[in-house]
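Enquirer: There's a structure below that I have some questions on.
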Protein chains: 2
Amino acid sequence: MTAVAENGTAVLLEALGRVVPADRLVVDSGVLASLSHDEAEWAPAGHAAVALRARSEAEVQAAVRVCAALRVPVVTRGAGTGLSGGANAVDGCLVLDLSRMDQVREIDVDNLLCVVQPGVINATLKAAVAEHGLWYPPDPASAPWSTIGGNVATNAGGLCCLKYGVTRDYVLGMRAVVGGSAGYGTAVSLGRRTNKGVAGYDLAGLMVGSEGTLGVVTEVTLRLRPALLGTPRTIVGAFGSLVDAGQAVAVVTRRGLTPSALELLDRTCLQAVEDWKHLGLEADAAALLLARVDTPGDAGDAEARALVESFEAAGALWAAQSTDDAEAEALFEARRLAYPALERLSPVLTEDVCVPRSKVPHMLAEVEAIAARHGVTIATIAHAGDGNLHPLLLTPVGDDTARVAAQAAFEELLDAAIALGGTVTGEHGVGLLKMAGMLRELDPASVQMQLAVKRALDPLNLFNPGKVLPL
Amino acid sequence: MTAVAENGTAVLLEALGRVVPADRLVVDSGVLASLSHDEAEWAPAGHAAVALRARSEAEVQAAVRVCAALRVPVVTRGAGTGLSGGANAVDGCLVLDLSRMDQVREIDVDNLLCVVQPGVINATLKAAVAEHGLWYPPDPASAPWSTIGGNVATNAGGLCCLKYGVTRDYVLGMRAVVGGSAGYGTAVSLGRRTNKGVAGYDLAGLMVGSEGTLGVVTEVTLRLRPALLGTPRTIVGAFGSLVDAGQAVAVVTRRGLTPSALELLDRTCLQAVEDWKHLGLEADAAALLLARVDTPGDAGDAEARALVESFEAAGALWAAQSTDDAEAEALFEARRLAYPALERLSPVLTEDVCVPRSKVPHMLAEVEAIAARHGVTIATIAHAGDGNLHPLLLTPVGDDTARVAAQAAFEELLDAAIALGGTVTGEHGVGLLKMAGMLRELDPASVQMQLAVKRALDPLNLFNPGKVLPL
């Protein structure tokens, strides 16, 4: 650390020490380093000056005021499970760790909503509301670890988005500590508690997916649903090629079926999970499609049959409704374990493209072509029913040539998605890794508008600078 | 018109004449007057200088450039069915009438979406997509007349929001003509065509509900659903008091039931419809609740029975599932006709409060108390399942005392909704009539943020000035 940086850190630390309890502050370099990045491979991370493990909105306000006065960037984080580098530190910043603001403040069963602090873990919230017969649907694969604040920051999706929507669809309102004309450190209530409402611009919606660049979310009011009744049906189809599996997705959409999940796993994923967990998966097919149908009663039975028929119509090697709960559970467990199973083998560069659903077969063909062209192993998992693909680029540790090839393939995958009318990020966010791709995707005038909004609400460029937008 | 105003109009007209075909321009004072207001009672409307019946985005761009150069406000309108004054002219403005940009550009059955111009009428779109087995759910009562552009501008709701969401939930992307740093008259693409996506800030979402204050929407990409199969079940309950009907709504929510509509009509509404249309409605009860259940199969039958039981548990005089399609249709027809039936009797000042659903009985009690206190006749229709109430204040023509009383009651209803944790507008928008109430409802820091966004994206305050925000 340079003398100037050391001095800056001392000034920041002293100023923070005056406004928050000393035990909230982290300066140990090892701990700081662990709080300075998320799970995105090869996304650059700077050196944070200090971390603050805030316990209250008042502490966040106090810290933001200090940082504004000293022009110290504020990088907010939850569990650090992001995959785009959105939570990575920038040099000299304050890392604002909200994982200890983890209280479920209120569960309102009469109005199907809850109020939570941002550090509440997704799965913890699901369990808490389930005790009241309620359900919080968004289910990113990181649900056992990721926080609601992080889910809001990236507008996290998951398996059930196809039928039940993404985080955005569940955020009714929030409290946030913001900057701009209201003054840095101002705490503001945005949105509402009602089921509908159009009083003013939808700023709560604007905050969702803004990755901490417009302020710090300190509380979230979330819409809930009644818990689903009964056990969902699981339908499995095995396909001789990725493209055939993609065709099946197109057929399902075309027929107006609404499974609550429609997931794809390729052979590489299945094999990696089987080698690790020995769930008894067949890894012979090029790809499996897993569908869930939670429509109750006879209509759900009919929908399950229609899914089997759709898979068969698309040329499945075989397709069937699972009659064995343990088998069905193992299949969805395999889906959840695919990412960690591959991570055991090598560093994984994670794609998150989303294409119009009819283009899923085309995108899968592009994945195969790009993998072959660059000599990169790409395993694909996908929220196929949404057109949201996660090609996972595997790169042997320490092989720089392989890393460079993977990074080139990564950008080509983004271009392929854009060319098919898709987007570079379906649910992981822009962070650092998708910024170049986003700029290729979006209308430049839209980027100008986003920059104008950012400058209006954060004129000091204090909040998570350099993420999402090139500023 | 003053000499200065006349000269300004001449300059504007000449400048517009150079960039758009002459037949698009309206200067006839009678026609201009009819294009200068929406259907909000007593909302002030200014004198427009010129109206432009645009036929293309390029014409909108050209007109916005001219208006920016001359600092002439631009007030965009569709069918003019708004109820908050959001489309009312301001003095000297250009009224930009988009009702002739009415093409359905694309219906993509493979991806469940469509692309439409803003002047397409809601019901026309519904019919067009129905031919392809698809459904566009948002169903404001104005659906036979109101345009998609207007629906987007106000984030219109309707009967089916309860289960299927509001306009916001169906807007994937749009094109708009904007101002700001991109330059006034820039056409921009916002949002996406994919089912999910988080590339940058959600500007398409920000535009929804912004009532033409951030730019002019020239094209909208809308999510569609597969058409529903079968005939929905209709459940009717009659109640001895408004508050009992409100209790039934609370019971339905508490039990986790998800009807696709849950509407309330009070005796005044029923009587007005019956007097007009002679549908054979019973107008004895203080209030009727009408519910629809479209869940298919045996699960839907069970849900219908649970609704009947919920109504009975809340003290209904009687409750039953309708076994007569004609009767069921007449009941929903009565719901749709309630507003025009009351308008036949006298001018109607329309409320649009939304409260947490458990507070519906409390809000209905407030409506009765406020009506009594001010000596105002208030008929209530409500999207009760959403907590969205439309108390309709009836005022004899030419009775100024009654008008003043109604306006006082109007503001008290807003305060009552705010006190119950609700909002001053559920689906009609802020426009002019709800601005004072909105400022009482929202956190002042949130208003500051909204003003900052408005100034950033429309620094000339050109787009629909004086609406939504006090600027």
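Residues in the structure tokens are numbered from 1 in each chain, the chains being A, B, ... in the order shown, and ligands are numbered from 1 in the order shown.
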List as a VMD selection string the protein and nucleic acid residues near Arg223 (chain A), meaning an atom at most 8 Å away when only C-alpha atoms are counted, but skip any in the same chain fewer than 3 places from it.
Expert: chain A and resid 112 to 114 136 170 to 172
Enquirer: Show which residues sit within 12 Å of Thr213 (chain B), as a VMD selection string. Count only C-alpha atoms, and ignore same-chain residues fewer than 5 positions away.
Expert: (chain A and resid 200 to 201) or (chain B and resid 73 to 77 86 to 87 153 to 154 176 to 179 206 to 208 430 to 431 450 to 451 453 to 471)
Enquirer: Pull C-alpha atoms from the residues just selected and write them as a compact mmCIF listing (two decimals), in the first residue's frame.
Expert:
# COMPACT_ATOMS: atom_id res chain seq x y z
CA GLY A 200 -44.98 8.65 -9.13
CA TYR A 201 -42.12 7.06 -11.00
CA PRO B 73 -44.37 21.79 -24.28
CA VAL B 74 -45.40 18.40 -25.71
CA VAL B 75 -48.52 16.76 -24.28
CA THR B 76 -48.99 13.25 -25.61
CA ARG B 77 -52.41 11.60 -25.74
CA GLY B 86 -52.65 13.43 -17.25
CA ALA B 87 -53.47 14.12 -20.91
CA ALA B 153 -48.39 5.77 -19.58
CA THR B 154 -50.59 5.11 -16.54
CA ALA B 176 -39.51 6.11 -27.32
CA VAL B 177 -38.61 9.59 -28.49
CA VAL B 178 -36.71 11.22 -25.66
CA GLY B 179 -34.71 14.28 -24.72
CA LEU B 206 -39.34 3.49 -15.48
CA MET B 207 -41.23 4.75 -18.53
CA VAL B 208 -44.30 2.70 -17.57
CA VAL B 430 -51.29 10.98 -10.77
CA GLY B 431 -51.94 13.42 -13.60
CA GLN B 450 -38.17 11.65 -8.94
CA LEU B 451 -37.50 15.30 -9.68
CA VAL B 453 -34.74 11.77 -12.71
CA LYS B 454 -37.15 14.08 -14.51
CA ARG B 455 -34.55 16.86 -14.75
CA ALA B 456 -31.91 14.42 -15.97
CA LEU B 457 -34.06 12.96 -18.74
CA ASP B 458 -36.05 16.08 -19.64
CA PRO B 459 -33.95 19.10 -18.66
CA LEU B 460 -36.18 21.46 -20.68
CA ASN B 461 -39.28 20.19 -18.86
CA LEU B 462 -40.76 19.74 -22.31
CA PHE B 463 -42.67 16.50 -21.87
CA ASN B 464 -46.10 16.92 -20.26
CA PRO B 465 -44.94 19.60 -17.82
CA GLY B 466 -46.79 20.02 -14.55
CA LYS B 467 -48.08 16.44 -14.50
CA VAL B 468 -47.14 13.83 -11.89
CA LEU B 469 -44.48 16.08 -10.33
CA PRO B 470 -44.71 19.70 -9.17
CA LEU B 471 -42.20 21.15 -11.64
Enquirer: Would you mind listing what lies within 9 Å of Ala338 (chain B) as a list in words, with only C-alpha atoms counted and same-chain residues fewer than 3 positions away left out?
Expert: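 Within the cut-off, the hits are Leu265, Cys269, Leu270, Ala272, Val273, Glu333, Ala334, Arg335, Ala341, Leu342, Glu343 and Ile381 of chain B.
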Enquirer: Between CA of Ala436 (chain B) and CA of Ala409 (chain B), measure the distance and give it in Å to one decimal.
Expert: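 Rounded to one decimal, the two atoms are 13.9 Å apart.
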Enquirer: When distances are computed from only C-alpha atoms, which of A:Leu279, A:Val95, A:Ala5, A:Leu433 shows the smallest separation from chain B?
Expert: A:Leu433
Enquirer: Could you please write out, as number ranges by chain, every residue of region 280-376 of chain B that DSSP assigns to strand (DSSP E)?
Expert: B: 287-293, 318-321, 348-350, 353-354
Enquirer: Name all residues at most 8 Å from Asp110 (chain B) (count only C-alpha atoms; drop same-chain ones fewer than 3 positions away) and give them as a tab-separated table (two decimals) with N, CA, C and O atoms, in the first residue's frame.
Expert:
chain	number	residue	atom	x	y	z
A	250	ALA	N	-38.96	-25.21	-27.63
A	250	ALA	CA	-39.77	-24.41	-28.54
A	250	ALA	C	-41.17	-24.99	-28.69
A	250	ALA	O	-42.16	-24.26	-28.72
A	253	THR	N	-43.28	-24.15	-25.56
A	253	THR	CA	-43.74	-22.76	-25.57
A	253	THR	C	-44.87	-22.58	-26.57
A	253	THR	O	-45.90	-21.97	-26.28
A	254	ARG	N	-44.65	-23.15	-27.76
A	254	ARG	CA	-45.62	-23.01	-28.84
A	254	ARG	C	-46.97	-23.59	-28.44
A	254	ARG	O	-48.02	-23.09	-28.86
A	357	ARG	N	-37.30	-17.49	-26.76
A	357	ARG	CA	-37.35	-18.93	-26.51
A	357	ARG	C	-37.28	-19.78	-27.77
A	357	ARG	O	-36.74	-20.87	-27.75
A	358	SER	N	-37.81	-19.24	-28.85
A	358	SER	CA	-37.75	-20.01	-30.09
A	358	SER	C	-36.32	-20.14	-30.61
A	358	SER	O	-36.05	-20.97	-31.49
